[in-house]
Every structure is written in C-alpha cells, then in structure tokens.
$ cat query-v4.cif   # mmCIF, C-alpha atoms
data_input
#
loop_
_atom_site.label_atom_id
_atom_site.label_comp_id
_atom_site.auth_asym_id
_atom_site.auth_seq_id
_atom_site.Cartn_x
_atom_site.Cartn_y
_atom_site.Cartn_z
CA ILE A 29 25.96 -0.96 113.90
CA CYS A 30 29.27 -1.30 112.04
CA VAL A 31 28.52 -4.96 111.33
CA ILE A 32 25.07 -4.08 109.97
CA ALA A 33 26.54 -1.29 107.82
CA PHE A 34 29.21 -3.65 106.49
CA ALA A 35 26.59 -6.28 105.68
CA ILE A 36 24.45 -3.72 103.87
CA SER A 37 27.47 -2.51 101.88
CA LEU A 38 28.21 -6.09 100.83
CA VAL A 39 24.63 -6.57 99.63
CA VAL A 40 24.65 -3.25 97.75
CA SER A 41 28.04 -3.86 96.14
CA GLY A 42 26.95 -7.38 95.20
CA ALA A 43 23.80 -6.02 93.59
CA MET A 44 25.89 -3.49 91.64
CA LEU A 45 28.50 -6.02 90.56
CA ARG A 46 25.94 -8.57 89.32
CA PRO A 47 24.93 -6.63 86.15
CA VAL A 48 28.58 -5.81 85.48
CA LYS A 49 29.46 -9.51 85.61
CA THR A 50 26.47 -10.32 83.41
CA LEU A 51 27.51 -7.77 80.79
CA THR A 52 31.15 -8.88 80.93
CA GLN A 53 30.19 -12.52 80.41
CA SER A 54 27.87 -11.69 77.51
CA ILE A 55 30.50 -9.48 75.83
CA ARG A 56 33.06 -12.29 76.18
CA LEU A 57 30.70 -14.79 74.55
CA MET A 58 29.84 -12.31 71.79
CA GLY A 59 33.56 -11.86 71.15
CA GLN A 60 33.67 -15.61 70.52
CA GLY A 61 30.97 -15.29 67.86
CA ASP A 62 27.80 -15.93 69.88
CA PHE A 63 25.61 -13.02 68.77
CA SER A 64 22.49 -14.50 70.39
CA GLN A 65 23.58 -13.09 73.75
CA ARG A 66 21.09 -10.82 75.56
CA VAL A 67 21.19 -9.39 79.07
CA HIS A 68 18.23 -8.81 81.41
CA ILE A 69 18.83 -5.95 83.83
CA ARG A 70 15.73 -4.53 85.44
CA GLY A 71 15.11 -0.99 86.58
CA ARG A 72 16.15 2.39 85.27
CA SER A 73 19.74 2.49 86.43
CA GLU A 74 22.70 3.26 84.20
CA PHE A 75 23.37 -0.49 84.11
CA ALA A 76 19.86 -1.11 82.79
CA GLN A 77 20.39 1.51 80.07
CA MET A 78 23.74 -0.05 79.23
CA GLY A 79 22.06 -3.45 79.03
CA ALA A 80 19.42 -2.10 76.63
CA THR A 81 22.17 -0.61 74.42
CA PHE A 82 24.03 -3.91 74.49
CA ASN A 83 20.90 -5.85 73.48
CA ASN A 84 20.26 -3.48 70.59
CA MET A 85 23.84 -3.86 69.38
CA ALA A 86 23.68 -7.65 69.79
CA GLU A 87 20.48 -7.85 67.75
CA ARG A 88 21.98 -5.82 64.92
CA LEU A 89 25.16 -7.91 64.90
CA GLU A 90 23.13 -11.12 64.92
CA ASN A 91 21.08 -9.96 61.93
CA MET A 92 24.22 -8.91 60.07
CA ASP A 93 25.83 -12.27 60.81
CA LYS A 94 22.75 -14.14 59.56
CA GLN A 95 22.72 -12.06 56.36
CA ARG A 96 26.44 -12.66 55.84
CA ASN A 97 25.99 -16.40 56.31
CA GLN A 98 23.02 -16.37 53.93
CA PHE A 99 25.06 -14.58 51.27
CA VAL A 100 27.96 -17.01 51.59
CA SER A 101 25.51 -19.94 51.48
CA ASN A 102 23.75 -18.56 48.37
CA ALA A 103 27.03 -17.74 46.66
CA SER A 104 28.42 -21.19 47.41
CA HIS A 105 25.26 -22.79 46.03
CA GLU A 106 25.37 -20.60 42.92
CA MET A 107 29.06 -21.43 42.46
CA LYS A 108 28.10 -25.08 41.95
CA THR A 109 26.30 -24.23 38.70
CA PRO A 110 29.35 -23.09 36.65
CA LEU A 111 31.59 -25.70 38.25
CA THR A 112 29.12 -28.48 37.40
CA ALA A 113 28.85 -27.08 33.88
CA CYS A 114 32.66 -27.15 33.56
CA THR A 115 32.67 -30.82 34.56
CA LEU A 116 30.04 -31.65 31.93
CA ILE A 117 31.84 -29.64 29.24
CA LEU A 118 35.15 -31.37 29.94
CA SER A 119 33.51 -34.79 29.89
CA ASN A 120 32.02 -34.00 26.48
CA GLY A 121 35.11 -32.94 24.59
CA GLY A 122 35.87 -29.65 26.35
CA ASP A 123 34.33 -26.90 24.18
CA PRO A 124 36.75 -24.00 24.92
CA VAL A 125 34.14 -21.26 24.38
CA LYS A 126 31.62 -22.79 26.76
CA LEU A 127 34.33 -23.63 29.26
CA LYS A 128 35.63 -20.06 29.29
CA ARG A 129 32.11 -18.73 29.81
CA GLU A 130 31.46 -20.93 32.85
CA LEU A 131 34.85 -20.12 34.34
CA LYS A 132 34.00 -16.42 33.96
CA ARG A 133 30.76 -16.97 35.94
CA ALA A 134 32.74 -18.64 38.71
CA ASP A 135 35.32 -15.84 38.64
CA ASN A 136 32.58 -13.20 38.92
CA LEU A 137 31.11 -14.90 41.99
CA THR A 138 34.53 -15.15 43.60
CA GLU A 139 35.17 -11.45 43.02
CA SER A 140 31.79 -10.53 44.53
CA ILE A 141 32.53 -12.60 47.63
CA LEU A 142 35.92 -10.92 48.03
CA TYR A 143 34.46 -7.41 47.67
CA TYR A 144 31.72 -8.23 50.16
CA ALA A 145 34.24 -9.66 52.63
CA LYS A 146 36.40 -6.53 52.60
CA MET A 147 33.52 -4.04 52.32
CA ARG A 148 34.06 -2.70 55.84
CA THR A 149 37.69 -1.87 55.13
CA ILE A 150 37.33 -0.84 51.48
CA GLU A 151 38.36 2.77 52.18
CA LYS A 152 41.81 1.57 53.21
CA ASP A 153 42.10 -0.32 49.91
CA ASN A 154 41.02 2.52 47.64
CA VAL A 155 43.61 3.71 45.14
CA ILE A 156 42.38 7.07 43.86
CA ARG A 157 44.01 8.05 40.58
CA LYS A 158 43.18 9.84 37.38
CA ALA A 159 41.29 7.50 35.08
CA SER A 160 39.55 7.55 31.72
CA ALA A 161 35.89 6.60 32.03
CA SER A 162 35.94 5.13 28.52
CA HIS A 163 38.97 2.97 29.34
CA VAL A 164 37.27 1.56 32.45
CA LEU A 165 34.02 0.91 30.56
CA ASN A 166 35.76 -0.92 27.73
CA ALA A 167 37.74 -3.03 30.19
CA ALA A 168 34.53 -4.01 32.02
CA VAL A 169 32.74 -4.97 28.80
CA LYS A 170 35.75 -6.92 27.53
CA SER A 171 35.93 -8.89 30.79
CA GLN A 172 32.29 -10.00 30.45
CA MET A 173 32.25 -10.59 26.69
CA GLU A 174 31.70 -14.36 27.01
CA LEU A 175 28.54 -13.87 29.08
CA LEU A 176 27.24 -11.01 26.94
CA VAL A 177 27.71 -12.94 23.68
CA ALA A 178 26.06 -16.05 25.16
CA ALA A 179 23.09 -13.92 26.26
CA GLY A 180 22.80 -12.28 22.83
CA ILE A 181 23.45 -8.82 24.25
CA SER A 182 24.99 -5.99 22.24
CA VAL A 183 26.81 -3.12 23.95
CA GLU A 184 27.51 0.37 22.62
CA ILE A 185 29.86 2.76 24.44
CA THR A 186 30.00 6.49 23.65
CA GLY A 187 31.74 9.45 25.23
CA ASP A 188 34.54 9.84 27.73
CA PHE A 189 35.76 12.05 30.57
CA THR A 190 38.58 12.04 33.07
CA VAL A 191 37.73 11.18 36.67
CA TYR A 192 39.61 10.76 39.93
CA THR A 193 38.49 7.44 41.39
CA ASP A 194 39.49 3.84 42.08
CA ALA A 195 39.44 2.42 38.54
CA LYS A 196 39.42 -1.19 39.76
CA ALA A 197 36.38 -0.65 42.00
CA LEU A 198 34.59 1.32 39.28
CA CYS A 199 35.25 -1.51 36.82
CA PHE A 200 33.72 -3.95 39.32
CA ILE A 201 30.60 -1.75 39.58
CA ILE A 202 30.14 -1.68 35.80
CA LYS A 203 30.73 -5.44 35.59
CA GLN A 204 27.96 -6.06 38.12
CA LEU A 205 25.52 -4.09 35.96
CA LEU A 206 26.56 -6.10 32.89
CA ILE A 207 26.27 -9.40 34.78
CA ASN A 208 22.73 -8.50 35.86
CA ALA A 209 21.79 -7.65 32.29
CA ALA A 210 23.22 -10.94 30.99
CA LYS A 211 21.27 -12.86 33.63
CA TYR A 212 17.92 -11.07 33.55
CA CYS A 213 17.74 -9.40 30.11
CA PRO A 214 19.02 -11.81 27.43
CA GLY A 215 18.76 -10.40 23.93
CA CYS A 216 18.65 -6.79 25.07
CA LYS A 217 20.72 -3.85 23.87
CA ILE A 218 22.90 -1.93 26.33
CA GLU A 219 23.87 1.67 25.72
CA ILE A 220 26.62 3.11 27.93
CA THR A 221 27.33 6.83 27.80
CA ALA A 222 30.07 8.76 29.57
CA GLU A 223 29.59 12.52 29.50
CA HIS A 224 29.57 15.54 31.79
CA GLY A 225 30.89 13.55 34.74
CA ARG A 226 28.20 10.87 34.53
CA ILE A 227 28.18 7.26 33.36
CA THR A 228 24.78 5.91 32.35
CA VAL A 229 24.11 2.23 31.65
CA ARG A 230 20.73 1.74 29.97
CA ASP A 231 19.14 -1.41 28.58
CA ASN A 232 15.85 -2.11 26.82
CA GLY A 233 15.16 -5.26 28.83
CA VAL A 234 12.38 -6.40 31.14
CA GLY A 235 12.70 -3.49 33.57
CA ILE A 236 12.01 -3.47 37.30
CA PRO A 237 8.52 -3.38 38.85
CA SER A 238 7.86 0.03 40.40
CA HIS A 239 7.14 -1.43 43.85
CA GLU A 240 10.56 -3.14 43.85
CA LEU A 241 12.64 -0.26 42.50
CA ARG A 242 13.44 1.36 45.86
CA ARG A 243 14.54 -1.99 47.31
CA VAL A 244 16.91 -3.29 44.64
CA THR A 245 20.02 -2.09 46.53
CA GLU A 246 18.96 -3.66 49.84
CA ARG A 247 21.10 -6.44 51.25
CA GLY A 248 19.79 -9.84 50.10
CA PHE A 249 16.89 -8.48 48.00
CA THR A 250 16.36 -10.65 44.92
CA GLY A 251 13.05 -9.34 43.61
CA SER A 252 10.60 -11.14 41.35
CA ALA A 253 13.19 -11.58 38.57
CA GLY A 254 15.66 -13.17 40.97
CA ARG A 255 13.03 -15.54 42.33
CA ARG A 256 12.03 -16.60 38.81
CA GLN A 257 15.63 -17.22 37.77
CA GLY A 258 16.71 -18.81 41.05
CA GLY A 259 20.25 -18.89 42.40
CA SER A 260 20.43 -15.13 43.00
CA THR A 261 22.47 -13.91 45.98
CA GLY A 262 20.70 -10.54 46.10
CA MET A 263 24.03 -8.89 46.89
CA GLY A 264 25.26 -7.44 43.59
CA LEU A 265 23.55 -4.05 43.75
CA PHE A 266 24.00 -3.91 47.53
CA ILE A 267 27.77 -4.11 47.05
CA VAL A 268 27.52 -1.59 44.19
CA LYS A 269 25.65 0.87 46.42
CA ASN A 270 28.22 0.55 49.19
CA LEU A 271 31.13 1.00 46.80
CA CYS A 272 29.48 4.10 45.34
CA THR A 273 29.10 5.53 48.84
CA GLN A 274 32.75 4.80 49.62
CA LEU A 275 33.89 6.45 46.38
CA SER A 276 31.52 9.47 46.66
CA ILE A 277 29.62 8.40 43.54
CA ARG A 278 25.91 9.23 43.36
CA LEU A 279 23.91 6.19 42.27
CA ASP A 280 20.53 6.70 40.55
CA ILE A 281 18.32 3.88 39.27
CA ASP A 282 15.35 4.45 36.99
CA SER A 283 13.22 1.78 35.34
CA GLU A 284 9.89 1.02 33.77
CA GLU A 285 8.70 -2.55 33.77
CA GLY A 286 8.72 -4.10 30.31
CA LYS A 287 10.64 -1.19 28.76
CA TYR A 288 14.02 -0.27 30.23
CA THR A 289 16.39 0.09 33.17
CA SER A 290 18.77 3.01 33.44
CA ILE A 291 21.50 3.24 36.07
CA SER A 292 23.57 6.40 36.42
CA LEU A 293 26.82 7.01 38.27
CA SER A 294 27.53 10.70 38.89
CA PHE A 295 31.04 11.85 39.81
CA GLU A 296 30.33 15.24 41.33
CA ASN A 297 33.51 17.27 41.97
CA LEU A 298 35.61 14.25 40.99
CA THR A 299 36.13 15.03 37.32
CA GLU A 300 38.87 17.07 35.71
CA ALA A 301 37.74 20.46 34.49
#
$ encode --input "query-v4.cif" --output "structure tokens"
Amino acid sequence: ICVIAFAISLVVSGAMLRPVKTLTQSIRLMGQGDFSQRVHIRGRSEFAQMGATFNNMAERLENMDKQRNQFVSNASHEMKTPLTACTLILSNGGDPVKLKRELKRADNLTESILYYAKMRTIEKDNVIRKASASHVLNAAVKSQMELLVAAGISVEITGDFTVYTDAKALCFIIKQLLINAAKYCPGCKIEITAEHGRITVRDNGVGIPSHELRRVTERGFTGSAGRRQGGSTGMGLFIVKNLCTQLSIRLDIDSEEGKYTSISLSFENLTEA
C-alpha cells in the first residue's frame, strides 16, 4: 500500500510541477525578448488561471513590442528624407537656409524618438518649476521657425500666465503641434493664446475628419492626411497625450474638416493665483 501511495504521490506531484515548469520556461524566454510565448494549461486549476493571465500579458507585450518596432522603423525611414536632402544641398553649393531646415527636421525626429523611448520613466525625469507660458510658447515657435517659414505659416502669440510644470516637456508638446501644422497645413495661420490657465493652439488649415478625431492620439494612427503625405510615424500626438497625462494637463482637440483645428492644454490647479 505504501508503494502504491508513493507512486500516486509521484504522479500527482509530477502533474503539478509540469505547469510550473512550463510557466517558468516561458517567463525565462520572455525575459530574453521572445514575446510570442504562450502556455497551454488545461482545466480550471489555479495554474490554468495563472496560465491565462500569463497569455494575456504576453499578448499585450507582444503588441506593444510590434508597435515600438514599427515606430522605430517608420522614424528611421522618415529620418532618411532630411539626411538625403542635406546630402543634395551640400553637393549643390550648400544653401545654409535649406540645410538648417533639413537638420531641424532630423533633430525633431531624434527628439521624438528619445521622448518615446523614455516615456515609461518620464515621471522620474520631470522637473516641475514655475514657468511663464508665454516664454515656453515663444521658445517653441523660435525652435521651429525654419519649418514654419518654409511652409508659409504665420504664428501669433497672445497672453501669458504662470504655471508649475516641466517647461522642457511643455515646449516639446507645443513643438509637436507646430510640426504637424507645418507638415499638414502649409500656408495656414496659427493663433496661440495663453489665458486663464489654458494654452490654445488654433489653425485655419485643412482640419481633421470627424470620424478620425477621436483616434488622432492613438499609438501609430496616421489618418487620411498622414497616408496622403506619407512618411508619418503616427506617434506625435500619442506622445503628446502621454506627456499631458504625466504632467496633469487636460488635452482637448476640436476640429472641423476644411476649416480649423484647435488644441487646448488646460493646467487645472497648476497655475499661480
């Protein structure tokens, strides 16, 4: 009887250890970057529930990894455009104005990649200080002047208020909005107002189709304008949305196709009374 009991215990313990070994092996492979791992544990045991949770996590990580790789691939491809242009400009006498404009495009892409790469740890990098909204806005416009002039875009800034935020991150947010305008709305007029704890960036460009409006901040969404232009990473407004969340800024986007786009950043409880 003891022998039979011992044999049964071995079988039972082996059956219990098998899913543990399976999970351990899959977790080890996932730790090495293989997010395609899935486990198959039948039944309704706690191990089966753990396996289902693992599979759900693995699927989400795999999708995130694919999206990250797609962004890097798109950004790398888009980076070729200004670099190729720089080569052509230099081989044709080196027009300093054109050269500076293309270098700015490359610099903007590099900055976007860096912000995306550190997005998960951005809170640790935040430097919250008192800042002038007008100062940040003017710095953002000045940094993109080459692109705005080339696109025939005029910018008017009015108002000011004091806000407690990360001025560098806020400047990046505004720059992304200006870059989008330069790319998709050449010849438009941009009005930027800073009042009552809110920054509003409004242009009279092509606008956003109503059925796309709710999706413009999704990861990798390029929309009809991005598909027409080509070379869009679909990550600019996604990064903007995440930065706004990190900095407790409310982001509102309103648009009417063929008329305007208005993007507001509200700093609730972050302004100086």
$ residues_around --input "query-v4.cif" --residues "A:Asp282" --least-positions-apart "5" --cutoff "10 Å" --atoms "only C-alpha atoms" --output "ChimeraX atom specification"
/A:230,235-236,238,241-242,288-292
$ atom_distance --input "query-v4.cif" --atom1 "atom CA of A:Ile156" --atom2 "atom CA of A:Leu279"
18.6 Å
$ closest_residue --input "query-v4.cif" --among "A:Asp188, A:Asp135, A:Glu240, A:Glu246" --to "A:Ala161" --atoms "all atoms listed in the file"
A:Asp188
$ atom_distance --input "query-v4.cif" --atom1 "atom CA of A:Lys126" --atom2 "atom CA of A:Cys213"
19.6 Å
$ closest_residue --input "query-v4.cif" --among "A:Leu175, A:Ala86, A:Ala197, A:Ala113" --to "A:Tyr212" --atoms "all atoms listed in the file"
A:Leu175
$ resolve_selection --input "query-v4.cif" --expression "the PyMOL selection byres ((chain A and resi 298) around 9)" --output "PyMOL selection string"
chain A and resi 190-193+225+276-277+295-297+299-300
$ write_last_selection --input "query-v4.cif" --atoms "C-alpha atoms" --output "PDB file, in the frame of the given file"
ATOM      1  CA  THR A 190      38.580  12.040  33.070  1.00  0.00           C
ATOM      2  CA  VAL A 191      37.730  11.180  36.670  1.00  0.00           C
ATOM      3  CA  TYR A 192      39.610  10.760  39.930  1.00  0.00           C
ATOM      4  CA  THR A 193      38.490   7.440  41.390  1.00  0.00           C
ATOM      5  CA  GLY A 225      30.890  13.550  34.740  1.00  0.00           C
ATOM      6  CA  SER A 276      31.520   9.470  46.660  1.00  0.00           C
ATOM      7  CA  ILE A 277      29.620   8.400  43.540  1.00  0.00           C
ATOM      8  CA  PHE A 295      31.040  11.850  39.810  1.00  0.00           C
ATOM      9  CA  GLU A 296      30.330  15.240  41.330  1.00  0.00           C
ATOM     10  CA  ASN A 297      33.510  17.270  41.970  1.00  0.00           C
ATOM     11  CA  THR A 299      36.130  15.030  37.320  1.00  0.00           C
ATOM     12  CA  GLU A 300      38.870  17.070  35.710  1.00  0.00           C
TER      13      GLU A 300
END
$ closest_residue --input "query-v4.cif" --among "A:Cys216, A:Cys272, A:Ile281, A:Glu130" --to "A:Val244" --atoms "all atoms listed in the file"
A:Ile281
$ closest_residue --input "query-v4.cif" --among "A:Met147, A:Val177, A:Ala76, A:Met85" --to "A:Val125" --atoms "all atoms listed in the file"
A:Val177
$ atom_distance --input "query-v4.cif" --atom1 "atom CA of A:Lys94" --atom2 "atom CA of A:Ala80"
21.2 Å
$ resolve_selection --input "query-v4.cif" --expression "the PyMOL selection byres ((chain A and resi 165) around 9)" --output "NGL selection string"
:A and (160-164 or 166-170 or 185 or 198-199 or 202-203 or 220 or 222)
$ closest_residue --input "query-v4.cif" --among "A:Asp280, A:Arg247, A:Gly286, A:Gly264" --to "A:Tyr143" --atoms "only C-alpha atoms"
A:Gly264
$ resolve_selection --input "query-v4.cif" --expression "the PyMOL selection byres ((chain A and resi 270) around 10)" --output "PDB file with C-alpha atoms, in the coordinates of the input"
ATOM      1  CA  TYR A 144      31.720  -8.230  50.160  1.00  0.00           C
ATOM      2  CA  MET A 147      33.520  -4.040  52.320  1.00  0.00           C
ATOM      3  CA  ARG A 148      34.060  -2.700  55.840  1.00  0.00           C
ATOM      4  CA  ILE A 150      37.330  -0.840  51.480  1.00  0.00           C
ATOM      5  CA  THR A 245      20.020  -2.090  46.530  1.00  0.00           C
ATOM      6  CA  LEU A 265      23.550  -4.050  43.750  1.00  0.00           C
ATOM      7  CA  PHE A 266      24.000  -3.910  47.530  1.00  0.00           C
ATOM      8  CA  ILE A 267      27.770  -4.110  47.050  1.00  0.00           C
ATOM      9  CA  VAL A 268      27.520  -1.590  44.190  1.00  0.00           C
ATOM     10  CA  LYS A 269      25.650   0.870  46.420  1.00  0.00           C
ATOM     11  CA  LEU A 271      31.130   1.000  46.800  1.00  0.00           C
ATOM     12  CA  CYS A 272      29.480   4.100  45.340  1.00  0.00           C
ATOM     13  CA  THR A 273      29.100   5.530  48.840  1.00  0.00           C
ATOM     14  CA  GLN A 274      32.750   4.800  49.620  1.00  0.00           C
ATOM     15  CA  LEU A 275      33.890   6.450  46.380  1.00  0.00           C
ATOM     16  CA  SER A 276      31.520   9.470  46.660  1.00  0.00           C
ATOM     17  CA  ILE A 277      29.620   8.400  43.540  1.00  0.00           C
ATOM     18  CA  LEU A 279      23.910   6.190  42.270  1.00  0.00           C
TER      19      LEU A 279
END
$ closest_residue --input "query-v4.cif" --among "A:Val234, A:Ile227, A:Leu205, A:Ala145" --to "A:Phe189" --atoms "only C-alpha atoms"
A:Ile227
$ decode --input "query-v4.cif" --residues "stretch 208-242 of chain A" --atoms "N, CA and C atoms" --output "PDB file, in the first residue's frame"
ATOM      1  N   ASN A 208       3.256  69.418 -36.794  1.00  0.00           N
ATOM      2  CA  ASN A 208       2.093  68.881 -37.514  1.00  0.00           C
ATOM      3  C   ASN A 208       1.496  69.921 -38.451  1.00  0.00           C
ATOM      4  N   ALA A 209       1.402  71.155 -37.961  1.00  0.00           N
ATOM      5  CA  ALA A 209       0.841  72.227 -38.788  1.00  0.00           C
ATOM      6  C   ALA A 209       1.721  72.474 -40.013  1.00  0.00           C
ATOM      7  N   ALA A 210       3.040  72.500 -39.817  1.00  0.00           N
ATOM      8  CA  ALA A 210       3.960  72.725 -40.929  1.00  0.00           C
ATOM      9  C   ALA A 210       3.861  71.613 -41.967  1.00  0.00           C
ATOM     10  N   LYS A 211       3.598  70.397 -41.500  1.00  0.00           N
ATOM     11  CA  LYS A 211       3.550  69.250 -42.406  1.00  0.00           C
ATOM     12  C   LYS A 211       2.212  69.146 -43.142  1.00  0.00           C
ATOM     13  N   TYR A 212       1.113  69.363 -42.406  1.00  0.00           N
ATOM     14  CA  TYR A 212      -0.204  69.102 -42.973  1.00  0.00           C
ATOM     15  C   TYR A 212      -0.986  70.356 -43.369  1.00  0.00           C
ATOM     16  N   CYS A 213      -0.573  71.547 -42.893  1.00  0.00           N
ATOM     17  CA  CYS A 213      -1.346  72.755 -43.171  1.00  0.00           C
ATOM     18  C   CYS A 213      -0.481  73.895 -43.694  1.00  0.00           C
ATOM     19  N   PRO A 214       0.299  73.677 -44.750  1.00  0.00           N
ATOM     20  CA  PRO A 214       1.138  74.771 -45.273  1.00  0.00           C
ATOM     21  C   PRO A 214       0.277  75.967 -45.677  1.00  0.00           C
ATOM     22  N   GLY A 215       0.802  77.155 -45.360  1.00  0.00           N
ATOM     23  CA  GLY A 215       0.085  78.377 -45.730  1.00  0.00           C
ATOM     24  C   GLY A 215      -0.957  78.809 -44.722  1.00  0.00           C
ATOM     25  N   CYS A 216      -1.131  78.072 -43.656  1.00  0.00           N
ATOM     26  CA  CYS A 216      -2.173  78.425 -42.696  1.00  0.00           C
ATOM     27  C   CYS A 216      -1.681  79.480 -41.708  1.00  0.00           C
ATOM     28  N   LYS A 217      -2.598  79.977 -40.901  1.00  0.00           N
ATOM     29  CA  LYS A 217      -2.277  80.924 -39.839  1.00  0.00           C
ATOM     30  C   LYS A 217      -2.522  80.226 -38.504  1.00  0.00           C
ATOM     31  N   ILE A 218      -1.564  80.355 -37.593  1.00  0.00           N
ATOM     32  CA  ILE A 218      -1.696  79.748 -36.268  1.00  0.00           C
ATOM     33  C   ILE A 218      -1.829  80.844 -35.228  1.00  0.00           C
ATOM     34  N   GLU A 219      -2.868  80.731 -34.418  1.00  0.00           N
ATOM     35  CA  GLU A 219      -3.073  81.657 -33.310  1.00  0.00           C
ATOM     36  C   GLU A 219      -2.911  80.886 -32.004  1.00  0.00           C
ATOM     37  N   ILE A 220      -1.998  81.348 -31.161  1.00  0.00           N
ATOM     38  CA  ILE A 220      -1.754  80.701 -29.871  1.00  0.00           C
ATOM     39  C   ILE A 220      -2.102  81.683 -28.767  1.00  0.00           C
ATOM     40  N   THR A 221      -3.018  81.282 -27.903  1.00  0.00           N
ATOM     41  CA  THR A 221      -3.407  82.137 -26.786  1.00  0.00           C
ATOM     42  C   THR A 221      -3.078  81.441 -25.467  1.00  0.00           C
ATOM     43  N   ALA A 222      -2.679  82.244 -24.491  1.00  0.00           N
ATOM     44  CA  ALA A 222      -2.384  81.732 -23.153  1.00  0.00           C
ATOM     45  C   ALA A 222      -3.138  82.606 -22.150  1.00  0.00           C
ATOM     46  N   GLU A 223      -4.224  82.078 -21.629  1.00  0.00           N
ATOM     47  CA  GLU A 223      -5.024  82.855 -20.680  1.00  0.00           C
ATOM     48  C   GLU A 223      -5.847  81.938 -19.784  1.00  0.00           C
ATOM     49  N   HIS A 224      -6.052  82.392 -18.561  1.00  0.00           N
ATOM     50  CA  HIS A 224      -6.861  81.673 -17.583  1.00  0.00           C
ATOM     51  C   HIS A 224      -6.425  80.216 -17.411  1.00  0.00           C
ATOM     52  N   GLY A 225      -5.117  79.992 -17.401  1.00  0.00           N
ATOM     53  CA  GLY A 225      -4.612  78.642 -17.180  1.00  0.00           C
ATOM     54  C   GLY A 225      -4.797  77.694 -18.347  1.00  0.00           C
ATOM     55  N   ARG A 226      -4.959  78.240 -19.528  1.00  0.00           N
ATOM     56  CA  ARG A 226      -5.154  77.387 -20.718  1.00  0.00           C
ATOM     57  C   ARG A 226      -4.365  77.929 -21.904  1.00  0.00           C
ATOM     58  N   ILE A 227      -3.676  77.011 -22.593  1.00  0.00           N
ATOM     59  CA  ILE A 227      -2.999  77.341 -23.846  1.00  0.00           C
ATOM     60  C   ILE A 227      -3.811  76.731 -24.984  1.00  0.00           C
ATOM     61  N   THR A 228      -4.151  77.548 -25.965  1.00  0.00           N
ATOM     62  CA  THR A 228      -4.915  77.064 -27.116  1.00  0.00           C
ATOM     63  C   THR A 228      -4.122  77.339 -28.389  1.00  0.00           C
ATOM     64  N   VAL A 229      -3.924  76.301 -29.180  1.00  0.00           N
ATOM     65  CA  VAL A 229      -3.236  76.412 -30.468  1.00  0.00           C
ATOM     66  C   VAL A 229      -4.271  76.140 -31.552  1.00  0.00           C
ATOM     67  N   ARG A 230      -4.575  77.153 -32.354  1.00  0.00           N
ATOM     68  CA  ARG A 230      -5.638  77.033 -33.362  1.00  0.00           C
ATOM     69  C   ARG A 230      -5.097  77.434 -34.726  1.00  0.00           C
ATOM     70  N   ASP A 231      -5.410  76.627 -35.735  1.00  0.00           N
ATOM     71  CA  ASP A 231      -5.020  76.971 -37.101  1.00  0.00           C
ATOM     72  C   ASP A 231      -6.239  76.948 -38.007  1.00  0.00           C
ATOM     73  N   ASN A 232      -6.124  77.595 -39.148  1.00  0.00           N
ATOM     74  CA  ASN A 232      -7.225  77.619 -40.120  1.00  0.00           C
ATOM     75  C   ASN A 232      -6.904  76.705 -41.302  1.00  0.00           C
ATOM     76  N   GLY A 233      -6.308  75.558 -41.004  1.00  0.00           N
ATOM     77  CA  GLY A 233      -5.885  74.624 -42.044  1.00  0.00           C
ATOM     78  C   GLY A 233      -6.969  73.645 -42.477  1.00  0.00           C
ATOM     79  N   VAL A 234      -6.532  72.476 -42.899  1.00  0.00           N
ATOM     80  CA  VAL A 234      -7.432  71.501 -43.526  1.00  0.00           C
ATOM     81  C   VAL A 234      -8.366  70.828 -42.539  1.00  0.00           C
ATOM     82  N   GLY A 235      -8.064  70.878 -41.245  1.00  0.00           N
ATOM     83  CA  GLY A 235      -8.928  70.237 -40.266  1.00  0.00           C
ATOM     84  C   GLY A 235      -8.794  68.720 -40.253  1.00  0.00           C
ATOM     85  N   ILE A 236      -9.534  68.098 -39.365  1.00  0.00           N
ATOM     86  CA  ILE A 236      -9.496  66.639 -39.194  1.00  0.00           C
ATOM     87  C   ILE A 236     -10.897  66.076 -39.433  1.00  0.00           C
ATOM     88  N   PRO A 237     -11.029  65.049 -40.262  1.00  0.00           N
ATOM     89  CA  PRO A 237     -12.347  64.439 -40.467  1.00  0.00           C
ATOM     90  C   PRO A 237     -12.960  64.000 -39.135  1.00  0.00           C
ATOM     91  N   SER A 238     -14.263  64.190 -38.990  1.00  0.00           N
ATOM     92  CA  SER A 238     -14.928  63.911 -37.712  1.00  0.00           C
ATOM     93  C   SER A 238     -14.753  62.466 -37.259  1.00  0.00           C
ATOM     94  N   HIS A 239     -14.736  61.523 -38.231  1.00  0.00           N
ATOM     95  CA  HIS A 239     -14.630  60.115 -37.855  1.00  0.00           C
ATOM     96  C   HIS A 239     -13.206  59.734 -37.413  1.00  0.00           C
ATOM     97  N   GLU A 240     -12.250  60.631 -37.632  1.00  0.00           N
ATOM     98  CA  GLU A 240     -10.868  60.368 -37.221  1.00  0.00           C
ATOM     99  C   GLU A 240     -10.487  61.103 -35.945  1.00  0.00           C
ATOM    100  N   LEU A 241     -11.290  62.080 -35.560  1.00  0.00           N
ATOM    101  CA  LEU A 241     -10.929  62.987 -34.470  1.00  0.00           C
ATOM    102  C   LEU A 241     -10.636  62.250 -33.166  1.00  0.00           C
ATOM    103  N   ARG A 242     -11.458  61.271 -32.818  1.00  0.00           N
ATOM    104  CA  ARG A 242     -11.273  60.576 -31.536  1.00  0.00           C
ATOM    105  C   ARG A 242     -10.068  59.637 -31.548  1.00  0.00           C
TER     106      ARG A 242
END
